[in-house]
file start_24.cif (mmCIF, C-alpha atoms and all ligand atoms)
data_upload
#
loop_
_atom_site.label_atom_id
_atom_site.label_comp_id
_atom_site.auth_asym_id
_atom_site.auth_seq_id
_atom_site.Cartn_x
_atom_site.Cartn_y
_atom_site.Cartn_z
CA MET A 415 0.00 0.00 0.00
CA THR A 416 1.40 3.38 -0.99
CA THR A 417 1.62 6.14 1.62
CA SER A 418 2.46 9.74 0.83
CA LEU A 419 3.17 12.98 2.66
CA SER A 420 3.37 16.52 1.36
CA ALA A 421 4.54 19.86 2.77
CA ASP A 422 5.39 23.40 1.72
CA TRP A 423 8.83 22.13 0.74
CA VAL A 424 10.62 18.84 0.20
CA LEU A 425 14.41 18.82 0.50
CA PRO A 426 15.66 15.68 -1.30
CA VAL A 427 19.28 16.76 -0.46
CA ASP A 428 20.77 15.27 -3.65
CA GLY A 429 18.51 17.42 -5.83
CA PRO A 430 17.01 20.92 -5.75
CA PRO A 431 14.32 21.79 -3.15
CA LEU A 432 10.77 21.11 -4.34
CA GLU A 433 8.13 23.72 -3.47
CA GLY A 434 4.79 22.07 -2.72
CA GLY A 435 6.54 18.70 -2.79
CA TYR A 436 5.49 15.21 -1.79
CA VAL A 437 7.16 11.90 -1.04
CA ALA A 438 5.49 8.51 -1.60
CA TRP A 439 6.62 5.09 -0.47
CA ASP A 440 5.51 1.49 -0.55
CA ASP A 441 6.73 -1.33 1.69
CA GLY A 442 9.38 0.94 3.25
CA CYS A 443 10.87 1.95 -0.11
CA ILE A 444 10.51 5.42 -1.66
CA THR A 445 8.60 5.17 -4.94
CA GLU A 446 8.08 8.83 -5.92
CA VAL A 447 9.35 12.30 -5.04
CA GLY A 448 7.74 15.22 -6.83
CA THR A 449 5.36 18.13 -6.56
CA GLY A 450 1.74 17.73 -5.54
CA ARG A 451 -0.47 16.79 -2.63
CA GLY A 452 0.04 13.67 -0.50
CA ASP A 453 -2.38 11.63 1.64
CA ARG A 454 -1.49 13.97 4.48
CA HIS A 455 -0.24 17.55 4.13
CA TYR A 456 1.94 19.47 6.57
CA GLN A 457 1.43 23.23 6.44
CA GLY A 458 4.43 25.46 7.19
CA CYS A 459 6.73 22.43 7.14
CA VAL A 460 9.68 20.91 5.32
CA ILE A 461 10.07 17.19 4.59
CA LEU A 462 13.69 16.10 4.58
CA PRO A 463 15.66 12.85 4.81
CA GLY A 464 15.89 11.55 8.34
CA LEU A 465 19.11 12.79 9.89
CA VAL A 466 22.01 10.34 9.99
CA ASN A 467 24.04 10.67 13.18
CA ALA A 468 27.63 9.63 12.45
CA HIS A 469 28.62 9.35 16.12
CA SER A 470 26.56 8.71 19.24
CA HIS A 471 26.57 6.86 22.56
CA LEU A 472 22.89 6.20 23.32
CA GLU A 473 23.93 4.66 26.64
CA TYR A 474 25.16 8.06 27.88
CA ALA A 475 21.90 9.90 27.13
CA VAL A 476 21.55 11.12 30.74
CA TYR A 477 25.25 11.69 31.54
CA ALA A 478 24.84 15.44 31.02
CA GLY A 479 27.10 17.78 32.94
CA PHE A 480 29.36 15.21 34.64
CA ALA A 481 32.78 16.75 35.43
CA ASP A 482 31.99 19.86 33.38
CA GLY A 483 35.04 22.08 33.06
CA GLU A 484 37.54 19.32 33.96
CA PRO A 485 40.43 18.45 31.61
CA PHE A 486 39.79 15.53 29.24
CA GLY A 487 41.61 12.93 31.36
CA ALA A 488 39.80 13.81 34.61
CA TRP A 489 36.50 14.12 32.75
CA LEU A 490 36.94 10.62 31.34
CA ALA A 491 37.80 9.19 34.80
CA THR A 492 34.54 10.56 36.30
CA HIS A 493 32.49 9.00 33.51
CA ILE A 494 34.17 5.61 33.90
CA ALA A 495 33.64 5.64 37.70
CA ARG A 496 29.94 6.57 37.43
CA LYS A 497 29.28 4.07 34.63
CA ARG A 498 30.59 1.32 36.93
CA THR A 499 27.67 1.95 39.35
CA LEU A 500 25.15 0.81 36.72
CA ALA A 501 23.86 -2.68 35.96
CA PHE A 502 22.93 -3.67 32.40
CA GLU A 503 19.22 -2.94 33.01
CA GLN A 504 20.04 0.70 33.84
CA MET A 505 22.29 1.02 30.80
CA LEU A 506 19.40 -0.25 28.72
CA ALA A 507 17.00 2.23 30.32
CA ILE A 508 19.35 5.08 29.40
CA ALA A 509 19.90 3.74 25.87
CA ARG A 510 16.12 3.67 25.31
CA ARG A 511 16.00 7.34 26.30
CA GLY A 512 18.81 8.02 23.79
CA ALA A 513 16.90 6.25 21.02
CA ALA A 514 13.71 8.14 21.91
CA ASP A 515 15.50 11.50 21.90
CA SER A 516 17.07 10.63 18.53
CA LEU A 517 13.71 9.92 16.87
CA ALA A 518 12.08 12.95 18.49
CA GLY A 519 14.91 15.11 17.13
CA GLY A 520 14.51 13.89 13.54
CA ILE A 521 17.32 11.30 13.55
CA THR A 522 16.48 8.06 11.73
CA THR A 523 19.93 6.39 11.70
CA THR A 524 22.68 6.44 14.28
CA ALA A 525 26.23 5.10 14.37
CA ASP A 526 26.43 4.19 18.02
CA TYR A 527 29.49 3.15 20.01
CA SER A 528 28.09 0.92 22.74
CA PHE A 529 29.80 -0.12 25.96
CA SER A 530 27.28 -2.79 27.01
CA GLY A 531 25.38 -3.61 23.82
CA ALA A 532 22.19 -2.09 25.27
CA ALA A 533 22.03 0.39 22.38
CA ALA A 534 21.19 -2.47 19.99
CA THR A 535 18.20 -3.55 22.07
CA ALA A 536 17.02 0.05 22.45
CA ALA A 537 17.29 0.75 18.71
CA CYS A 538 15.44 -2.49 17.85
CA GLU A 539 12.64 -1.74 20.33
CA LEU A 540 12.08 1.87 19.31
CA GLY A 541 12.59 1.35 15.57
CA LEU A 542 15.70 3.47 15.11
CA ARG A 543 18.03 2.38 12.30
CA ALA A 544 21.51 1.85 13.76
CA VAL A 545 24.95 0.45 13.37
CA VAL A 546 25.93 -0.50 16.93
CA TYR A 547 29.69 -0.77 17.37
CA LEU A 548 30.40 -2.82 20.53
CA GLU A 549 33.31 -1.31 22.42
CA VAL A 550 36.48 -3.23 23.28
CA PHE A 551 39.55 -2.07 25.19
CA GLY A 552 43.09 -3.21 25.94
CA SER A 553 46.24 -4.66 24.41
CA ASP A 554 45.26 -8.30 24.10
CA PRO A 555 43.13 -9.40 21.10
CA ALA A 556 41.98 -12.51 23.00
CA LEU A 557 40.54 -10.32 25.79
CA ALA A 558 38.99 -7.98 23.22
CA GLN A 559 37.34 -10.98 21.61
CA GLU A 560 35.88 -11.99 25.00
CA GLN A 561 34.57 -8.44 25.61
CA PHE A 562 33.02 -8.46 22.16
CA GLN A 563 31.38 -11.86 22.61
CA THR A 564 29.94 -10.90 26.01
CA ALA A 565 28.29 -7.76 24.60
CA ARG A 566 27.39 -9.53 21.34
CA ALA A 567 25.38 -12.16 23.25
CA ARG A 568 22.95 -9.50 24.49
CA ALA A 569 22.95 -7.24 21.42
CA PRO A 570 20.21 -8.21 18.96
CA GLU A 571 20.35 -7.53 15.22
CA SER A 572 17.32 -6.77 13.08
CA GLU A 573 16.46 -5.44 9.65
CA LEU A 574 17.27 -1.98 11.03
CA VAL A 575 20.10 -2.73 13.45
CA ARG A 576 23.51 -4.02 12.44
CA ILE A 577 26.29 -4.97 14.86
CA GLY A 578 29.86 -3.71 14.51
CA ILE A 579 32.83 -3.39 16.82
CA SER A 580 34.65 -0.39 18.28
CA PRO A 581 38.24 -0.55 19.41
CA HIS A 582 37.86 2.49 21.70
CA ALA A 583 40.89 4.67 20.85
CA PRO A 584 44.61 4.43 20.06
CA TYR A 585 45.46 5.21 23.71
CA THR A 586 43.27 2.39 25.09
CA CYS A 587 43.70 -0.29 22.39
CA SER A 588 46.78 -1.85 20.79
CA LEU A 589 47.28 -2.18 17.03
CA GLU A 590 46.79 -5.94 17.45
CA VAL A 591 43.32 -5.26 18.87
CA TYR A 592 42.55 -2.99 15.89
CA ARG A 593 43.74 -5.72 13.50
CA PHE A 594 41.52 -8.27 15.24
CA CYS A 595 38.49 -5.95 14.94
CA LEU A 596 39.18 -5.27 11.25
CA SER A 597 39.47 -9.00 10.55
CA LEU A 598 35.85 -9.68 11.57
CA GLY A 599 34.22 -8.34 8.41
CA ILE A 600 31.75 -6.17 10.35
CA PRO A 601 31.62 -2.34 10.66
CA VAL A 602 34.49 -0.94 12.76
CA GLY A 603 34.59 2.48 14.42
CA THR A 604 36.99 4.23 16.76
CA HIS A 605 37.81 7.59 18.34
CA LEU A 606 40.85 9.28 16.77
CA ALA A 607 42.87 12.40 17.53
CA GLU A 608 40.20 13.84 19.81
CA SER A 609 42.41 15.74 22.24
CA ALA A 610 45.93 17.06 22.69
CA ASN A 611 45.97 15.01 25.93
CA GLU A 612 45.79 11.89 23.75
CA ASP A 613 48.86 12.88 21.69
CA GLU A 614 50.73 13.84 24.85
CA TRP A 615 50.21 10.37 26.32
CA LEU A 616 51.00 8.50 23.10
CA GLU A 617 54.10 10.53 22.27
CA HIS A 618 55.57 11.11 25.73
CA GLY A 619 53.58 9.14 28.35
CA THR A 620 52.71 12.38 30.16
CA GLY A 621 49.74 14.74 30.58
CA PRO A 622 46.29 14.46 32.21
CA LEU A 623 45.57 11.02 30.69
CA ALA A 624 48.44 9.58 32.74
CA ALA A 625 46.04 9.63 35.73
CA ASN A 626 44.21 6.75 33.98
CA ALA A 627 47.45 4.89 33.13
CA GLY A 628 45.95 1.60 34.39
CA VAL A 629 43.54 1.43 31.45
CA LEU A 630 45.88 2.85 28.77
CA VAL A 631 48.20 1.15 26.31
CA PRO A 632 51.90 2.10 26.58
CA PRO A 633 53.09 5.22 24.75
CA THR A 634 54.03 4.61 21.11
CA GLY A 635 56.30 7.63 20.59
CA MET A 636 53.93 8.83 17.86
CA ARG A 637 50.85 11.03 17.62
CA SER A 638 47.39 9.50 17.44
CA VAL A 639 47.15 9.35 13.63
CA GLY A 640 50.73 8.06 13.31
CA THR A 641 49.98 5.37 15.89
CA LEU A 642 47.00 4.08 13.88
CA GLU A 643 48.63 4.60 10.45
CA PRO A 644 49.11 0.85 9.78
CA VAL A 645 45.36 0.16 10.13
CA LEU A 646 43.80 3.31 8.63
CA GLY A 647 41.47 2.51 5.73
CA PRO A 648 37.93 2.89 4.35
CA GLY A 649 36.56 0.36 6.87
CA LEU A 650 37.58 2.28 10.00
CA LEU A 651 35.16 5.06 10.95
CA CYS A 652 37.08 7.67 12.97
CA ALA A 653 35.23 10.03 15.32
CA HIS A 654 36.63 13.51 16.04
CA CYS A 655 39.94 13.98 14.12
CA VAL A 656 40.58 17.35 15.79
CA GLN A 657 44.34 17.03 16.27
CA VAL A 658 45.26 16.46 12.63
CA ASP A 659 47.89 18.42 10.69
CA ALA A 660 48.07 18.85 6.91
CA ALA A 661 50.06 15.65 6.33
CA GLU A 662 47.66 13.67 8.54
CA ILE A 663 44.63 15.08 6.68
CA ALA A 664 46.26 14.04 3.38
CA LEU A 665 46.81 10.54 4.79
CA LEU A 666 43.18 10.24 5.96
CA ALA A 667 41.99 11.30 2.49
CA GLU A 668 44.40 9.03 0.62
CA ARG A 669 43.26 6.03 2.68
CA ASP A 670 39.58 7.02 2.28
CA VAL A 671 39.11 7.01 6.06
CA PRO A 672 35.55 8.06 7.00
CA VAL A 673 35.37 10.76 9.68
CA ALA A 674 32.62 11.67 12.17
CA HIS A 675 32.81 15.40 12.91
CA CYS A 676 31.52 16.31 16.42
CA PRO A 677 31.99 20.06 16.83
CA ARG A 678 29.96 20.57 20.03
CA SER A 679 31.68 17.77 21.90
CA ASN A 680 35.09 19.06 20.82
CA ALA A 681 34.16 22.56 21.96
CA VAL A 682 32.57 21.62 25.30
CA LEU A 683 35.59 19.49 26.28
CA GLY A 684 38.00 22.20 25.14
CA CYS A 685 39.56 19.83 22.61
CA GLY A 686 39.55 22.37 19.79
CA VAL A 687 37.92 22.95 16.39
CA ALA A 688 38.45 20.18 13.84
CA PRO A 689 39.67 21.38 10.41
CA LEU A 690 36.38 20.54 8.69
CA ALA A 691 37.01 22.65 5.57
CA ALA A 692 40.42 21.06 5.01
CA LEU A 693 39.07 17.54 5.57
CA ARG A 694 36.27 18.12 3.07
CA ALA A 695 38.57 19.85 0.55
CA ALA A 696 40.90 16.84 0.73
CA GLY A 697 37.96 14.63 -0.25
CA THR A 698 37.48 12.85 3.07
CA ARG A 699 34.05 11.32 3.68
CA VAL A 700 32.86 13.41 6.64
CA GLY A 701 29.55 13.00 8.47
CA LEU A 702 28.20 14.99 11.39
CA GLY A 703 27.88 13.34 14.81
CA THR A 704 26.29 14.55 18.02
CA ASP A 705 28.44 12.38 20.31
CA SER A 706 26.48 11.97 23.57
CA PRO A 707 25.08 14.25 26.25
CA ALA A 708 28.14 13.26 28.31
CA SER A 709 29.97 15.93 26.32
CA THR A 710 27.23 17.67 24.33
CA PRO A 711 24.05 18.33 26.24
CA PRO A 712 21.46 17.89 24.80
CA LEU A 713 21.16 15.19 22.08
CA ASP A 714 20.01 17.82 19.56
CA PRO A 715 21.20 17.30 15.99
CA TRP A 716 20.03 20.81 15.03
CA GLU A 717 22.38 22.43 17.52
CA GLU A 718 25.08 20.22 16.04
CA LEU A 719 24.31 21.43 12.51
CA ARG A 720 24.50 25.04 13.55
CA THR A 721 27.65 24.53 15.60
CA ALA A 722 29.30 22.94 12.55
CA VAL A 723 28.44 26.09 10.60
CA TYR A 724 29.56 28.52 13.32
CA ALA A 725 32.82 26.68 14.06
CA SER A 726 33.80 26.26 10.44
CA ARG A 727 33.01 29.86 9.46
CA ALA A 728 34.81 31.19 12.54
CA ARG A 729 37.87 29.00 12.01
CA GLU A 730 38.16 29.85 8.30
CA ARG A 731 37.01 33.48 8.71
CA ARG A 732 34.74 33.06 5.68
CA PRO A 733 30.90 32.93 5.63
CA ASP A 734 31.01 30.38 2.81
CA ALA A 735 33.32 27.97 4.67
CA LEU A 736 30.22 25.85 5.32
CA LEU A 737 26.94 26.81 3.64
CA ALA A 738 23.56 25.61 4.91
CA ALA A 739 23.28 23.10 2.06
CA GLY A 740 26.71 21.69 2.91
CA ALA A 741 25.79 21.41 6.58
CA LEU A 742 22.57 19.58 5.77
CA ARG A 743 24.51 17.13 3.58
CA LEU A 744 26.94 16.50 6.45
CA ALA A 745 23.99 15.39 8.58
CA THR A 746 22.29 13.29 5.89
CA LEU A 747 23.89 12.03 2.67
CA ASP A 748 27.52 12.62 3.65
CA ALA A 749 27.01 10.87 6.99
CA ALA A 750 25.40 7.97 5.13
CA ARG A 751 28.47 7.86 2.84
CA ALA A 752 30.75 7.81 5.87
CA LEU A 753 28.84 4.74 7.08
CA GLY A 754 28.78 3.14 3.61
CA LEU A 755 24.96 3.31 3.62
CA ASP A 756 24.39 6.01 0.99
CA ALA A 757 22.81 3.60 -1.51
CA GLN A 758 20.00 2.97 1.03
CA ILE A 759 19.58 6.18 3.02
CA GLY A 760 20.65 9.84 3.30
CA ALA A 761 18.53 11.37 0.51
CA LEU A 762 14.94 11.30 -0.72
CA THR A 763 15.04 9.49 -4.06
CA PRO A 764 13.06 6.55 -5.45
CA GLY A 765 14.73 3.29 -4.50
CA ARG A 766 16.10 4.48 -1.16
CA ARG A 767 14.49 3.46 2.13
CA ALA A 768 11.67 5.69 3.38
CA ASP A 769 13.55 7.35 6.26
CA LEU A 770 12.31 10.91 6.63
CA THR A 771 11.37 13.59 9.08
CA VAL A 772 8.92 16.50 8.97
CA LEU A 773 10.10 19.81 10.42
CA SER A 774 7.76 22.70 11.19
CA LEU A 775 9.19 26.19 10.82
CA THR A 776 6.02 28.06 11.80
CA GLU A 777 7.32 29.09 15.24
CA THR A 778 10.67 30.34 13.90
CA PRO A 779 11.92 33.64 12.46
CA TYR A 780 12.26 31.79 9.11
CA ASP A 781 8.45 31.76 8.64
CA PRO A 782 7.29 32.39 5.94
CA ILE A 783 10.05 30.41 4.28
CA GLU A 784 12.37 32.17 1.83
CA ASP A 785 15.23 29.68 1.34
CA PRO A 786 14.05 26.28 2.68
CA THR A 787 17.59 24.95 3.22
CA VAL A 788 18.73 27.99 5.20
CA ALA A 789 15.46 27.92 7.18
CA THR A 790 15.86 24.22 7.96
CA VAL A 791 19.47 24.43 9.12
CA PHE A 792 19.13 27.63 11.15
CA GLY A 793 15.50 27.23 12.28
CA GLY A 794 15.37 23.48 12.93
CA SER A 795 14.92 22.06 16.44
CA PRO A 796 13.51 18.96 18.14
CA ALA A 797 10.50 21.11 19.11
CA GLY A 798 9.74 21.56 15.40
CA ILE A 799 9.80 17.84 14.54
CA MET A 800 6.24 16.81 13.68
CA GLU A 801 6.84 13.22 12.59
CA THR A 802 9.76 10.86 12.08
CA ILE A 803 9.45 7.85 9.80
CA VAL A 804 11.94 4.95 9.62
CA ASP A 805 11.69 2.36 6.86
CA GLY A 806 8.20 3.62 6.02
CA ARG A 807 6.86 3.36 9.60
CA THR A 808 6.01 6.31 11.83
CA ARG A 809 8.20 6.06 14.93
CA TYR A 810 7.52 9.49 16.41
CA ARG A 811 4.62 11.89 16.08
CA GLN A 812 4.49 15.13 18.02
CA GLY A 813 1.79 15.10 20.70
CA GLU A 814 1.27 11.32 20.43
CA THR A 815 4.63 9.65 21.16
CA ALA A 816 6.07 10.63 24.55
CA TRP A 817 7.66 7.44 26.00
CA PRO A 818 6.88 8.37 29.68
CA GLU A 819 8.14 4.99 31.01
CA VAL A 820 11.39 5.35 29.07
CA ARG A 821 11.97 8.82 30.51
CA SER A 822 11.25 7.89 34.14
CA THR A 823 13.46 4.75 34.18
CA ALA A 824 16.32 6.67 32.55
CA SER A 825 16.00 9.40 35.21
CA ALA A 826 16.14 6.74 37.93
CA ALA A 827 19.40 5.43 36.46
CA ARG A 828 20.86 8.94 36.50
CA ARG A 829 19.77 9.36 40.11
CA ARG A 830 21.70 6.19 40.96
CA MET A 831 24.87 7.55 39.35
CA LEU A 832 24.56 10.78 41.34
CA ALA A 833 23.97 8.99 44.68
ZN ZN B 901 32.46 8.97 21.32
#

call {"tool": "encode", "arguments": {"input": "start_24.cif", "output": "structure tokens", "more": "lines below"}}
Ligand SMILES: [Zn+2]
result
Amino acid sequence: MTTSLSADWVLPVDGPPLEGGYVAWDDGCITEVGTGRGDRHYQGCVILPGLVNAHSHLEYAVYAGFADGEPFGAWLATHIARKRTLAFEQMLAIARRGAADSLAGGITTTADYSFSGAAATAACELGLRAVVYLEVFGSDPALAQEQFQTARARAPESELVRIGISPHAPYTCSLEVYRFCLSLGIPVGTHLAESANEDEWLEHGTGPLAANAGVLVPPTGMRSVGTLEPVLGPGLLCAHCVQVDAAEIALLAERDVPVAHCPRSNAVLGCGVAPLAALRAAGTRVGLGTDSPASTPPLDPWEELRTAVYASRARERRPDALLAAGALRLATLDAARALGLDAQIGALTPGRRADLTVLSLTETPYDPIEDPTVATVFGGSPAGIMETIVDGRTRYRQGETAWPEVRSTASAARRRMLA
């Protein structure tokens, strides 16, 4: 059965905006995108592809504000200590809240690095499309394999949810562990070159991270990118990439390494401003990621879009360093490319999956709409999301979907961490 929606504008992302546009789909697959009236019409709204979040941790959805203002190493230690107070059930409660907030914000796909595997269950239950990368740590591939299998046993897969693996970072995992992860033939994601603290530890064995020396791998005498150089390739998604110089950017591009750009997280933690313009100019596949409320309260992809614009324009001192259309691509089609999913999602075209969101701009200064892309990027917010559809099914509708149970159990888990 064909379903269709129409609005003042449709933004297909890989084609020009359509005024008075509609999108139709059948059995979860987009069949038509054009101009005209759909079964249901949204006045004052824009229909766009569901946002693709290139980096999240659903399990940290209520970790907001922990150790705010502390250096990266001390901040990390607080998060590890508080996480240890939780049982799996509480991690799952928080992950459900993360999945709910994602859908309510217009996100339809997330690339989630998961400590316990709970993110996979949460995404399956709430109908969020996800690649869930199960985190492993340490120097020994045999121990990493055990960590992976433990989490894997409780992490379900579905038509929407795929399981991957995440060697955490070059300062917590050895190259042997990275090689083991890359040998599995599943999606692999890591954190790379996030902070200067990380380079300081890897090069010299000093700096704030040394306080966590018990969980770190020994210094390598090289920076973060140099440390991972032997394993960098198109199958290793790298979040952050803030501390990268020109030669390292060239290397990332030459190896076709996908990058998740997380400008709010990098700013809140004082890690810096990633060289987004240079990464894109070099041809790197870059997608936008919110990271988690642990470092970027709240889980709001629209704030992330705008921060990407502000940070890039400020860093380059040019208003065209990142235009609204470029920012929207970072959060949709480019993020899908970074995940290798661009044939299925990331744009509204016949043949792709029906993942879309409807954004109202009626309460914003962009109403009535002049340029729909500018209005969407600068006027978008979770409060404006009217409906979010994943694989042709409505998973969030404003005023109808509130998940009260999800919210109260997640709050209880946060209360436990604060006790
Ligand atoms: Zn992360």

call {"tool": "residues_around", "arguments": {"input": "start_24.cif", "residues": "segment 475-485 of chain A", "least_positions_apart": "6", "cutoff": "7 Å", "atoms": "only C-alpha atoms", "output": "number ranges by chain"}}
result
A: 492, 508-509, 511-512, 706-709, 711, 828

call {"tool": "write_last_selection", "arguments": {"input": "start_24.cif", "atoms": "C-alpha atoms", "output": "CSV table (one decimal), in the frame of the given file"}}
result
chain,number,residue,atom,x,y,z
A,492,THR,CA,34.5,10.6,36.3
A,508,ILE,CA,19.4,5.1,29.4
A,509,ALA,CA,19.9,3.7,25.9
A,511,ARG,CA,16.0,7.3,26.3
A,512,GLY,CA,18.8,8.0,23.8
A,706,SER,CA,26.5,12.0,23.6
A,707,PRO,CA,25.1,14.2,26.2
A,708,ALA,CA,28.1,13.3,28.3
A,709,SER,CA,30.0,15.9,26.3
A,711,PRO,CA,24.0,18.3,26.2
A,828,ARG,CA,20.9,8.9,36.5

call {"tool": "residues_around", "arguments": {"input": "start_24.cif", "residues": "Arg566 of chain A", "least_positions_apart": "2", "cutoff": "10 Å", "atoms": "only C-alpha atoms", "output": "list in words"}}
result
Ser530, Gly531, Ala532, Ala534, Tyr547, Leu548, Glu560, Gln561, Phe562, Gln563, Thr564, Arg568, Ala569, Pro570, Glu571, Ile577, Gly578 and Ile579 of chain A

call {"tool": "residues_near_ligand", "arguments": {"input": "start_24.cif", "ligand": "ligand ZN 901 (chain B)", "cutoff": "9 Å", "atoms": "all atoms listed in the file", "output": "MDAnalysis selection string"}}
result
chainID A and resid 469:471 526:527 582 604:605 653:654 676 679 704:706 709

call {"tool": "residues_around", "arguments": {"input": "start_24.cif", "residues": "Leu651 of chain A", "least_positions_apart": "3", "cutoff": "7 Å", "atoms": "all atoms listed in the file", "output": "MDAnalysis selection string"}}
result
chainID A and resid 602:604 671:673

call {"tool": "atom_distance", "arguments": {"input": "start_24.cif", "atom1": "atom CA of Gly754 of chain A", "atom2": "atom CA of Arg699 of chain A"}}
result
9.7 Å

call {"tool": "residues_near_point", "arguments": {"input": "start_24.cif", "point": "(7.9, 13.2, 19.4)", "cutoff": "10 Å", "atoms": "all atoms listed in the file", "output": "ChimeraX atom specification"}}
result
/A:514-520,796-802,809-817

call {"tool": "atom_distance", "arguments": {"input": "start_24.cif", "atom1": "atom CA of Pro426 of chain A", "atom2": "atom CA of Leu762 of chain A"}}
result
4.5 Å

call {"tool": "atom_distance", "arguments": {"input": "start_24.cif", "atom1": "atom CA of Tyr592 of chain A", "atom2": "atom CA of Ala468 of chain A"}}
result
19.8 Å

call {"tool": "residues_around", "arguments": {"input": "start_24.cif", "residues": "Val466 of chain A", "least_positions_apart": "4", "cutoff": "6 Å", "atoms": "only C-alpha atoms", "output": "JSON, numbers by chain"}}
result
{"A": [521, 523, 524, 745, 746, 749]}

call {"tool": "residues_around", "arguments": {"input": "start_24.cif", "residues": "Ala739 of chain A", "least_positions_apart": "4", "cutoff": "8 Å", "atoms": "only C-alpha atoms", "output": "PyMOL selection string"}}
result
chain A and resi 427+743+787-788

call {"tool": "closest_residue", "arguments": {"input": "start_24.cif", "among": "A:Tyr456, A:Trp439, A:Phe486, A:Phe551", "to": "Ser774 of chain A", "atoms": "only C-alpha atoms"}}
result
A:Tyr456

call {"tool": "residues_near_point", "arguments": {"input": "start_24.cif", "point": "(9.6, 23.3, -1.6)", "cutoff": "8 Å", "atoms": "only C-alpha atoms", "output": "ChimeraX atom specification"}}
result
/A:421-425,431-435,460,786

call {"tool": "write_last_selection", "arguments": {"input": "start_24.cif", "atoms": "C-alpha atoms", "output": "PDB file, keeping the file's coordinate frame"}}
result
ATOM      1  CA  ALA A 421       4.540  19.860   2.770  1.00  0.00           C
ATOM      2  CA  ASP A 422       5.390  23.400   1.720  1.00  0.00           C
ATOM      3  CA  TRP A 423       8.830  22.130   0.740  1.00  0.00           C
ATOM      4  CA  VAL A 424      10.620  18.840   0.200  1.00  0.00           C
ATOM      5  CA  LEU A 425      14.410  18.820   0.500  1.00  0.00           C
ATOM      6  CA  PRO A 431      14.320  21.790  -3.150  1.00  0.00           C
ATOM      7  CA  LEU A 432      10.770  21.110  -4.340  1.00  0.00           C
ATOM      8  CA  GLU A 433       8.130  23.720  -3.470  1.00  0.00           C
ATOM      9  CA  GLY A 434       4.790  22.070  -2.720  1.00  0.00           C
ATOM     10  CA  GLY A 435       6.540  18.700  -2.790  1.00  0.00           C
ATOM     11  CA  VAL A 460       9.680  20.910   5.320  1.00  0.00           C
ATOM     12  CA  PRO A 786      14.050  26.280   2.680  1.00  0.00           C
TER      13      PRO A 786
END

call {"tool": "closest_residue", "arguments": {"input": "start_24.cif", "among": "A:Lys497, A:Arg751, A:Arg593, A:Arg637", "to": "Asp613 of chain A", "atoms": "only C-alpha atoms"}}
result
A:Arg637

call {"tool": "build_atoms", "arguments": {"input": "start_24.cif", "residues": "segment 485-496 of chain A", "atoms": "N, CA and C atoms", "output": "PDB file, in the coordinates of the input"}}
result
ATOM      1  N   PRO A 485      39.665  18.854  32.803  1.00  0.00           N
ATOM      2  CA  PRO A 485      40.430  18.450  31.610  1.00  0.00           C
ATOM      3  C   PRO A 485      39.998  17.058  31.133  1.00  0.00           C
ATOM      4  N   PHE A 486      40.302  16.750  29.883  1.00  0.00           N
ATOM      5  CA  PHE A 486      39.790  15.530  29.240  1.00  0.00           C
ATOM      6  C   PHE A 486      40.049  14.272  30.076  1.00  0.00           C
ATOM      7  N   GLY A 487      41.263  14.135  30.602  1.00  0.00           N
ATOM      8  CA  GLY A 487      41.610  12.930  31.360  1.00  0.00           C
ATOM      9  C   GLY A 487      40.758  12.772  32.611  1.00  0.00           C
ATOM     10  N   ALA A 488      40.594  13.849  33.374  1.00  0.00           N
ATOM     11  CA  ALA A 488      39.800  13.810  34.610  1.00  0.00           C
ATOM     12  C   ALA A 488      38.312  13.620  34.284  1.00  0.00           C
ATOM     13  N   TRP A 489      37.883  14.256  33.212  1.00  0.00           N
ATOM     14  CA  TRP A 489      36.500  14.120  32.750  1.00  0.00           C
ATOM     15  C   TRP A 489      36.191  12.660  32.448  1.00  0.00           C
ATOM     16  N   LEU A 490      37.105  12.018  31.727  1.00  0.00           N
ATOM     17  CA  LEU A 490      36.940  10.620  31.340  1.00  0.00           C
ATOM     18  C   LEU A 490      36.885   9.726  32.592  1.00  0.00           C
ATOM     19  N   ALA A 491      37.748  10.004  33.582  1.00  0.00           N
ATOM     20  CA  ALA A 491      37.800   9.190  34.800  1.00  0.00           C
ATOM     21  C   ALA A 491      36.468   9.249  35.552  1.00  0.00           C
ATOM     22  N   THR A 492      35.849  10.420  35.630  1.00  0.00           N
ATOM     23  CA  THR A 492      34.540  10.560  36.300  1.00  0.00           C
ATOM     24  C   THR A 492      33.475   9.722  35.595  1.00  0.00           C
ATOM     25  N   HIS A 493      33.492   9.761  34.254  1.00  0.00           N
ATOM     26  CA  HIS A 493      32.490   9.000  33.510  1.00  0.00           C
ATOM     27  C   HIS A 493      32.656   7.501  33.716  1.00  0.00           C
ATOM     28  N   ILE A 494      33.908   7.039  33.710  1.00  0.00           N
ATOM     29  CA  ILE A 494      34.170   5.610  33.900  1.00  0.00           C
ATOM     30  C   ILE A 494      33.695   5.179  35.297  1.00  0.00           C
ATOM     31  N   ALA A 495      34.020   5.993  36.327  1.00  0.00           N
ATOM     32  CA  ALA A 495      33.640   5.640  37.700  1.00  0.00           C
ATOM     33  C   ALA A 495      32.118   5.592  37.855  1.00  0.00           C
ATOM     34  N   ARG A 496      31.406   6.541  37.275  1.00  0.00           N
ATOM     35  CA  ARG A 496      29.940   6.570  37.430  1.00  0.00           C
ATOM     36  C   ARG A 496      29.278   5.441  36.630  1.00  0.00           C
TER      37      ARG A 496
END
